[in-house]
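Just coords_31.cif here, mmCIF, C-alpha atoms:
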```cif
data_coords
loop_
_atom_site.label_atom_id
_atom_site.label_comp_id
_atom_site.auth_asym_id
_atom_site.auth_seq_id
_atom_site.Cartn_x
_atom_site.Cartn_y
_atom_site.Cartn_z
CA MET A 1 15.40 -16.82 -9.75
CA LYS A 2 16.81 -13.56 -8.39
CA VAL A 3 16.10 -13.09 -4.68
CA VAL A 4 16.79 -9.98 -2.61
CA ILE A 5 15.79 -9.94 1.07
CA ALA A 6 15.92 -7.06 3.56
CA ASP A 7 18.52 -7.55 6.30
CA THR A 8 15.88 -7.88 9.01
CA TYR A 9 14.27 -10.81 7.17
CA LYS A 10 17.31 -12.77 5.97
CA SER A 11 16.80 -15.35 8.73
CA HIS A 12 13.36 -16.07 7.19
CA GLU A 13 14.63 -16.78 3.69
CA LYS A 14 13.42 -20.39 3.67
CA LYS A 15 9.88 -19.33 4.60
CA LEU A 16 9.85 -16.51 2.04
CA ARG A 17 11.01 -18.86 -0.72
CA SER A 18 8.28 -21.30 0.26
CA ILE A 19 5.64 -18.56 0.06
CA ILE A 20 6.68 -17.66 -3.50
CA ALA A 21 6.94 -21.30 -4.58
CA THR A 22 3.38 -22.02 -3.40
CA TYR A 23 1.87 -18.59 -4.10
CA LYS A 24 -0.88 -19.86 -6.42
CA GLU A 25 -2.12 -22.50 -3.98
CA THR A 26 -1.75 -20.76 -0.62
CA GLY A 27 -2.30 -17.42 1.10
CA GLU A 28 -5.35 -15.20 1.66
CA MET A 29 -6.42 -13.37 -1.49
CA ILE A 30 -6.77 -9.60 -1.07
CA TYR A 31 -7.01 -8.55 -4.71
CA ASP A 32 -6.96 -10.42 -8.00
CA GLY A 33 -6.62 -8.21 -11.06
CA SER A 34 -5.56 -8.58 -14.67
CA ARG A 35 -2.09 -7.11 -14.11
CA ASN A 36 -1.30 -8.15 -10.55
CA SER A 37 -2.65 -9.84 -7.46
CA LEU A 38 -2.21 -9.39 -3.70
CA LYS A 39 -2.18 -12.11 -1.05
CA LYS A 40 -1.63 -12.08 2.68
CA PHE A 41 0.70 -14.55 4.41
CA ARG A 42 2.28 -14.98 7.82
CA VAL A 43 6.01 -15.12 8.57
CA ASN A 44 6.17 -16.26 12.18
CA GLU A 45 4.18 -13.59 14.03
CA THR A 46 4.34 -11.01 11.24
CA LYS A 47 1.72 -10.62 8.51
CA VAL A 48 3.14 -9.85 5.08
CA VAL A 49 1.60 -8.97 1.72
CA VAL A 50 2.89 -10.45 -1.53
CA LYS A 51 2.22 -8.53 -4.71
CA ALA A 52 2.54 -10.80 -7.73
CA PHE A 53 3.15 -9.00 -11.02
CA ARG A 54 1.88 -10.88 -14.07
CA ALA A 55 4.24 -11.81 -16.89
CA PRO A 56 4.69 -8.74 -19.16
CA ASN A 57 4.23 -8.66 -22.92
CA LEU A 58 6.98 -9.95 -25.19
CA ILE A 59 8.75 -6.61 -25.59
CA ASN A 60 8.81 -5.97 -21.84
CA LYS A 61 10.04 -9.49 -21.20
CA ILE A 62 13.22 -8.38 -22.94
CA VAL A 63 13.20 -4.83 -21.54
CA TYR A 64 12.88 -6.01 -17.92
CA ARG A 65 15.46 -8.73 -18.47
CA PHE A 66 18.22 -6.47 -19.78
CA PHE A 67 17.39 -2.75 -19.70
CA ARG A 68 15.02 -1.79 -16.91
CA LYS A 69 14.42 -2.68 -13.27
CA SER A 70 11.33 -4.82 -12.71
CA LYS A 71 8.26 -3.50 -10.92
CA ALA A 72 9.10 -5.70 -7.95
CA GLU A 73 12.66 -4.40 -7.69
CA ARG A 74 11.53 -0.79 -8.04
CA SER A 75 8.89 -1.32 -5.33
CA PHE A 76 11.53 -2.69 -2.97
CA LEU A 77 14.08 0.05 -3.67
CA TYR A 78 11.52 2.85 -3.49
CA ALA A 79 10.16 1.55 -0.19
CA LYS A 80 13.69 1.64 1.25
CA LYS A 81 14.18 5.15 -0.15
CA LEU A 82 10.90 6.40 1.36
CA GLU A 83 11.82 4.86 4.70
CA SER A 84 15.17 6.71 4.64
CA LEU A 85 13.26 9.97 4.03
CA GLY A 86 10.87 9.36 6.92
CA ILE A 87 7.89 8.90 4.59
CA GLY A 88 5.31 6.30 5.55
CA THR A 89 5.08 3.05 3.60
CA PRO A 90 4.80 -0.60 4.65
CA LYS A 91 8.27 -1.95 5.42
CA ALA A 92 9.98 -3.72 2.51
CA VAL A 93 10.66 -7.42 3.10
CA ALA A 94 11.95 -8.89 -0.19
CA TYR A 95 11.53 -9.21 -3.93
CA PHE A 96 11.77 -12.19 -6.26
CA GLU A 97 12.28 -12.25 -10.03
CA ASN A 98 11.65 -15.29 -12.17
CA ARG A 99 13.69 -15.07 -15.35
CA SER A 100 15.61 -17.14 -17.86
CA PHE A 101 18.84 -16.34 -19.68
CA LEU A 102 16.96 -14.46 -22.40
CA ILE A 103 13.62 -13.26 -21.01
CA PHE A 104 11.98 -11.91 -17.88
CA LYS A 105 9.01 -13.96 -16.67
CA ASP A 106 7.27 -12.63 -13.55
CA SER A 107 8.10 -11.04 -10.20
CA TYR A 108 6.94 -10.67 -6.60
CA TYR A 109 7.28 -7.89 -4.05
CA ILE A 110 6.81 -8.63 -0.34
CA SER A 111 6.13 -6.01 2.32
CA GLU A 112 4.83 -6.04 5.84
CA PHE A 113 1.03 -5.93 6.12
CA LEU A 114 -0.37 -2.63 7.38
CA ASP A 115 -3.87 -2.72 8.85
CA SER A 116 -5.28 0.71 7.94
CA ASP A 117 -8.45 2.54 8.99
CA LEU A 118 -9.24 3.85 5.52
CA THR A 119 -7.82 4.97 2.19
CA TYR A 120 -8.30 8.25 0.37
CA ARG A 121 -11.05 6.51 -1.63
CA GLU A 122 -13.40 6.47 1.38
CA LEU A 123 -13.21 10.27 1.49
CA ILE A 124 -14.65 10.33 -2.03
CA THR A 125 -17.26 7.62 -1.45
CA TYR A 126 -18.55 9.02 1.83
CA PRO A 127 -18.89 12.84 1.75
CA ASP A 128 -19.93 12.79 5.43
CA TYR A 129 -16.92 10.75 6.55
CA PRO A 130 -16.01 11.88 10.12
CA ASN A 131 -13.41 14.67 10.22
CA ARG A 132 -13.15 14.60 6.43
CA GLU A 133 -11.89 18.15 6.02
CA GLU A 134 -9.16 17.67 8.63
CA ILE A 135 -8.03 14.43 6.96
CA LEU A 136 -7.84 16.23 3.60
CA LYS A 137 -5.81 19.01 5.18
CA GLN A 138 -3.34 16.59 6.75
CA PHE A 139 -3.20 14.51 3.57
CA THR A 140 -2.25 17.66 1.68
CA ALA A 141 0.54 18.34 4.18
CA PHE A 142 1.71 14.75 3.67
CA THR A 143 1.78 15.29 -0.10
CA LYS A 144 3.82 18.47 0.42
CA GLN A 145 6.25 16.39 2.50
CA LEU A 146 6.69 14.13 -0.53
CA HIS A 147 7.31 17.10 -2.80
CA ASP A 148 9.75 18.78 -0.42
CA ASN A 149 11.73 15.54 -0.28
CA GLY A 150 11.89 15.32 -4.07
CA VAL A 151 9.38 12.47 -4.39
CA LEU A 152 7.06 12.46 -7.41
CA PHE A 153 4.58 9.65 -6.77
CA LYS A 154 3.16 9.03 -10.22
CA ASP A 155 0.37 6.78 -8.94
CA HIS A 156 -0.91 9.30 -6.39
CA SER A 157 -4.47 7.99 -6.74
CA PRO A 158 -7.37 7.17 -4.34
CA GLY A 159 -6.41 3.60 -3.41
CA ASN A 160 -2.69 4.13 -2.99
CA THR A 161 -2.58 5.99 0.32
CA LEU A 162 -3.45 4.10 3.49
CA ILE A 163 -4.63 6.25 6.39
CA ASN A 164 -4.58 5.53 10.12
CA LYS A 165 -6.09 7.64 12.87
CA THR A 166 -3.52 8.09 15.63
CA ASP A 167 -5.60 10.25 18.01
CA GLU A 168 -8.66 12.48 17.97
CA ASP A 169 -7.44 14.88 15.26
CA SER A 170 -4.23 13.32 13.98
CA TYR A 171 -3.64 10.94 11.06
CA THR A 172 -0.69 9.12 9.54
CA PHE A 173 -0.34 8.26 5.85
CA TYR A 174 1.39 5.40 4.05
CA LEU A 175 2.06 4.99 0.33
CA VAL A 176 1.49 1.68 -1.44
CA ASP A 177 1.83 0.54 -5.07
CA LEU A 178 5.26 2.09 -5.30
CA ASN A 179 6.74 1.03 -8.64
CA ARG A 180 6.14 4.35 -10.45
CA MET A 181 8.14 7.16 -8.84
CA ASP A 182 10.69 9.81 -9.73
CA PHE A 183 13.13 11.32 -7.26
CA LYS A 184 14.07 14.85 -8.25
CA GLU A 185 13.44 18.51 -7.49
CA LEU A 186 9.84 19.22 -8.47
CA SER A 187 8.64 22.29 -10.31
CA PHE A 188 5.58 24.18 -9.08
CA LYS A 189 3.53 22.77 -11.99
CA GLU A 190 4.60 19.19 -11.18
CA ARG A 191 3.58 19.70 -7.56
CA ILE A 192 0.12 20.95 -8.50
CA ALA A 193 -0.39 18.32 -11.21
CA ASN A 194 0.46 15.58 -8.71
CA PHE A 195 -3.01 16.05 -7.17
CA ALA A 196 -4.83 15.47 -10.49
CA ARG A 197 -5.49 11.72 -10.12
CA LEU A 198 -7.01 11.87 -6.66
CA THR A 199 -10.61 12.99 -7.12
CA PRO A 200 -13.01 14.53 -9.65
CA GLU A 201 -14.94 16.13 -6.76
CA LYS A 202 -14.49 19.88 -7.14
CA GLU A 203 -14.92 20.77 -3.47
CA MET A 204 -12.34 18.16 -2.43
CA VAL A 205 -9.91 19.68 -4.91
CA ARG A 206 -10.71 23.12 -3.51
CA SER A 207 -9.99 21.92 0.05
CA MET A 208 -6.61 20.49 -0.97
CA ALA A 209 -5.74 23.53 -3.08
CA TYR A 210 -6.48 25.93 -0.22
CA ALA A 211 -4.50 23.80 2.23
CA TYR A 212 -1.54 23.56 -0.17
CA ALA A 213 -1.65 27.30 -0.90
CA ASP A 214 -1.48 28.06 2.83
CA LEU A 215 1.51 25.74 3.22
CA ILE A 216 3.47 27.35 0.38
CA ASP A 217 2.25 30.91 1.02
CA GLU A 218 0.50 31.31 -2.33
CA GLU A 219 -2.89 32.79 -3.23
CA ARG A 220 -5.65 30.25 -2.55
CA GLU A 221 -7.86 30.86 -5.58
CA GLU A 222 -4.93 30.80 -7.99
CA VAL A 223 -3.68 27.46 -6.64
CA PHE A 224 -7.23 26.10 -6.86
CA ARG A 225 -7.59 27.31 -10.45
CA LEU A 226 -4.39 25.56 -11.45
CA MET A 227 -5.16 22.37 -9.52
CA TRP A 228 -8.66 22.10 -10.98
CA LYS A 229 -7.28 22.71 -14.47
CA GLU A 230 -4.82 19.81 -14.04
CA THR A 231 -7.58 17.62 -12.59
CA MET A 232 -9.82 18.26 -15.59
CA ARG A 233 -6.92 17.66 -17.97
CA PHE A 234 -6.35 14.26 -16.38
CA ARG A 235 -10.06 13.37 -16.28
CA ASN A 236 -10.54 14.24 -19.95
CA LYS A 237 -7.54 12.13 -20.92
CA PHE A 238 -8.73 9.27 -18.71
CA ASP A 239 -12.28 9.35 -20.12
CA ARG A 240 -11.00 9.53 -23.72
CA LYS A 241 -8.76 6.52 -23.16
CA HIS A 242 -11.62 4.48 -21.72
CA ARG A 243 -13.97 5.44 -24.55
CA ILE A 244 -11.42 4.10 -27.01
CA LYS A 245 -11.05 0.89 -25.00
CA ARG A 246 -14.81 0.38 -24.96
CA ARG A 247 -15.01 0.86 -28.73
CA VAL A 248 -12.17 -1.58 -29.34
CA PHE A 249 -13.86 -4.13 -27.07
CA PHE A 250 -17.20 -3.61 -28.85
CA TRP A 251 -15.74 -4.27 -32.30
CA LYS A 252 -13.73 -7.24 -31.07
CA GLU A 253 -16.87 -8.80 -29.61
CA ARG A 254 -18.88 -8.00 -32.72
CA TYR A 255 -16.43 -9.64 -35.10
CA LYS A 256 -15.88 -12.56 -32.74
CA ASN A 257 -19.60 -13.32 -32.88
#
```
Please express what this file holds, its structure, as structure tokens.
Amino acid sequence: MKVVIADTYKSHEKKLRSIIATYKETGEMIYDGSRNSLKKFRVNETKVVVKAFRAPNLINKIVYRFFRKSKAERSFLYAKKLESLGIGTPKAVAYFENRSFLIFKDSYYISEFLDSDLTYRELITYPDYPNREEILKQFTAFTKQLHDNGVLFKDHSPGNTLINKTDEDSYTFYLVDLNRMDFKELSFKERIANFARLTPEKEMVRSMAYAYADLIDEEREEVFRLMWKETMRFRNKFDRKHRIKRRVFFWKERYKN
């Protein structure tokens, strides 16, 4: 097993190894999905979150073994990169990769636990959420900070930004689910398209577009037109993909029975 531990946690290596070795039997489940799961553990007085990535398909078992960094390694490296840029994300603790000589098996990424007040998702679910417009405005400024630092967060979606209220009208933002990022100079189109996954709510898109336009000194309605266009492009692609999945599932079930 490959093990990489952040300098500040090297003295806890034995505990971290024990957590991974007993992951299935111990810990507090936060999320259990088809592709990954999240559990909470304690390392002395510090709470940590372990993200366990399921074993990939056969092709990716070879790809991740020889040609590409694993999701766990990318999460660790990207968290360190974001920290160096002054961008909020839970502090990286370690990553573990389980692999043989020929194939990659599974992997684990460990970060410090961050107790947040909300995520972007709550702003969609609750239209009357307190100070919603101000949060959207500050979230947009946070996204511009990413762009100005050459960070393209490909999973910029509702559940992947944790939000904490720091005082009456001030909020801090933290990225999670970090394994899909590019670091480069972003074009104007890439910046606008980076908002497309966040919400299908037109007025929320308008609020972000106006806030972004003000920050970059562009015409509000033109930025909104472009942002809404990219949002609809994403939604149409997303809906089409899920229609196909539903059809495939239907025919599988029909022939199975």
Exercise. Neighbours of Ser11 in chain A within 12 Å (only C-alpha atoms; same-chain residues fewer than 4 positions away dropped), as number ranges by chain?
Worked result: A: 5-7, 15-17, 43-44, 93
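Taking all atoms listed in the file into account, the polymer residues that have an atom no farther than 12 Å from (5.8, 22.8, -8.7) are Lys144, Leu146, His147, Asp148, Gly150, Val151, Leu152, Lys184, Glu185, Leu186, Ser187, Phe188, Lys189, Glu190, Arg191, Ile192, Ala193, Asn194, Phe195, Tyr212, Ala213, Ile216, Glu218, Val223, Leu226 and Met227 of chain A.
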Can you write just those residues out, C-alpha atoms, as a PDB file, in the frame of the given file?
```pdb
ATOM      1  CA  LYS A 144       3.820  18.470   0.420  1.00  0.00           C
ATOM      2  CA  LEU A 146       6.690  14.130  -0.530  1.00  0.00           C
ATOM      3  CA  HIS A 147       7.310  17.100  -2.800  1.00  0.00           C
ATOM      4  CA  ASP A 148       9.750  18.780  -0.420  1.00  0.00           C
ATOM      5  CA  GLY A 150      11.890  15.320  -4.070  1.00  0.00           C
ATOM      6  CA  VAL A 151       9.380  12.470  -4.390  1.00  0.00           C
ATOM      7  CA  LEU A 152       7.060  12.460  -7.410  1.00  0.00           C
ATOM      8  CA  LYS A 184      14.070  14.850  -8.250  1.00  0.00           C
ATOM      9  CA  GLU A 185      13.440  18.510  -7.490  1.00  0.00           C
ATOM     10  CA  LEU A 186       9.840  19.220  -8.470  1.00  0.00           C
ATOM     11  CA  SER A 187       8.640  22.290 -10.310  1.00  0.00           C
ATOM     12  CA  PHE A 188       5.580  24.180  -9.080  1.00  0.00           C
ATOM     13  CA  LYS A 189       3.530  22.770 -11.990  1.00  0.00           C
ATOM     14  CA  GLU A 190       4.600  19.190 -11.180  1.00  0.00           C
ATOM     15  CA  ARG A 191       3.580  19.700  -7.560  1.00  0.00           C
ATOM     16  CA  ILE A 192       0.120  20.950  -8.500  1.00  0.00           C
ATOM     17  CA  ALA A 193      -0.390  18.320 -11.210  1.00  0.00           C
ATOM     18  CA  ASN A 194       0.460  15.580  -8.710  1.00  0.00           C
ATOM     19  CA  PHE A 195      -3.010  16.050  -7.170  1.00  0.00           C
ATOM     20  CA  TYR A 212      -1.540  23.560  -0.170  1.00  0.00           C
ATOM     21  CA  ALA A 213      -1.650  27.300  -0.900  1.00  0.00           C
ATOM     22  CA  ILE A 216       3.470  27.350   0.380  1.00  0.00           C
ATOM     23  CA  GLU A 218       0.500  31.310  -2.330  1.00  0.00           C
ATOM     24  CA  VAL A 223      -3.680  27.460  -6.640  1.00  0.00           C
ATOM     25  CA  LEU A 226      -4.390  25.560 -11.450  1.00  0.00           C
ATOM     26  CA  MET A 227      -5.160  22.370  -9.520  1.00  0.00           C
TER      27      MET A 227
END
```
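Going from CA of Glu203 in chain A over to CA of Asp115 in chain A, you cover 28.7 Å.
Atom pair CA of Glu28 in chain A / CA of Met181 in chain A: separated by 28.1 Å.
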Residues at most 6 Å from range 50-59 of chain A, counting all atoms listed in the file, excluding those fewer than 2 positions away in the same chain, as a compact mmCIF listing (two decimals) with C-alpha atoms, in the frame of the given file?
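What ended up in selection_9.txt:
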```
# COMPACT_ATOMS: atom_id res chain seq x y z
CA ARG A 35 -2.09 -7.11 -14.11
CA ASN A 36 -1.30 -8.15 -10.55
CA SER A 37 -2.65 -9.84 -7.46
CA LEU A 38 -2.21 -9.39 -3.70
CA LYS A 39 -2.18 -12.11 -1.05
CA LYS A 61 10.04 -9.49 -21.20
CA ILE A 62 13.22 -8.38 -22.94
CA LYS A 105 9.01 -13.96 -16.67
CA ASP A 106 7.27 -12.63 -13.55
CA SER A 107 8.10 -11.04 -10.20
CA TYR A 108 6.94 -10.67 -6.60
CA TYR A 109 7.28 -7.89 -4.05
CA ILE A 110 6.81 -8.63 -0.34
```
Exercise. The PyMOL selection byres ((chain A and resi 155) around 8) on the file shown: which residues, as a PyMOL selection string?
Worked result: chain A and resi 153-154+156-157+160+177-178+180-181+197
Atoms to include: C-alpha atoms. Write the selected residues as a PDB file, in the frame of the given file.
```pdb
ATOM      1  CA  PHE A 153       4.580   9.650  -6.770  1.00  0.00           C
ATOM      2  CA  LYS A 154       3.160   9.030 -10.220  1.00  0.00           C
ATOM      3  CA  HIS A 156      -0.910   9.300  -6.390  1.00  0.00           C
ATOM      4  CA  SER A 157      -4.470   7.990  -6.740  1.00  0.00           C
ATOM      5  CA  ASN A 160      -2.690   4.130  -2.990  1.00  0.00           C
ATOM      6  CA  ASP A 177       1.830   0.540  -5.070  1.00  0.00           C
ATOM      7  CA  LEU A 178       5.260   2.090  -5.300  1.00  0.00           C
ATOM      8  CA  ARG A 180       6.140   4.350 -10.450  1.00  0.00           C
ATOM      9  CA  MET A 181       8.140   7.160  -8.840  1.00  0.00           C
ATOM     10  CA  ARG A 197      -5.490  11.720 -10.120  1.00  0.00           C
TER      11      ARG A 197
END
```
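With all atoms listed in the file as the basis for measurement, A:Phe173 is the residue among A:Phe113, A:Phe104, A:Phe173, A:Trp228 that approaches Phe139 in chain A most closely.
What separates CA of Asn131 in chain A from CA of Lys165 in chain A is a distance of 10.5 Å.
Near range 64-70 of chain A, within 7 Å and counting all atoms listed in the file, sit Asn60, Arg74, Ile103 and Phe104 of chain A, not including residues fewer than 4 positions from it in the same chain.
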For this session: For range 85-90 of chain A, please output as a PyMOL selection string all residues within 9 Å (counting all atoms listed in the file; exclusion window: fewer than 2 positions along the same chain).
Result: chain A and resi 79-83+92+111-114+142+145-146+149+161-162+172-176+178
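Once the PyMOL selection byres ((chain A and resi 26) around 12) is applied to this file, the selection holds Ser18, Ile19, Ile20, Ala21, Thr22, Tyr23, Lys24, Glu25, Gly27, Glu28, Met29, Leu38, Lys39, Lys40, Phe41, Arg42 and Val50 of chain A.
When all atoms listed in the file are used to compute distances to Phe101 in chain A, the closest of the residues A:Lys2, A:Lys10, A:Arg206, A:Lys137 turns out to be A:Lys2.
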For this session: Write out as a PyMOL selection string the residues lying within 7 Å of Pro158 in chain A, counting all atoms listed in the file and excluding same-chain residues fewer than 5 positions away.
Result: chain A and resi 119-121+198
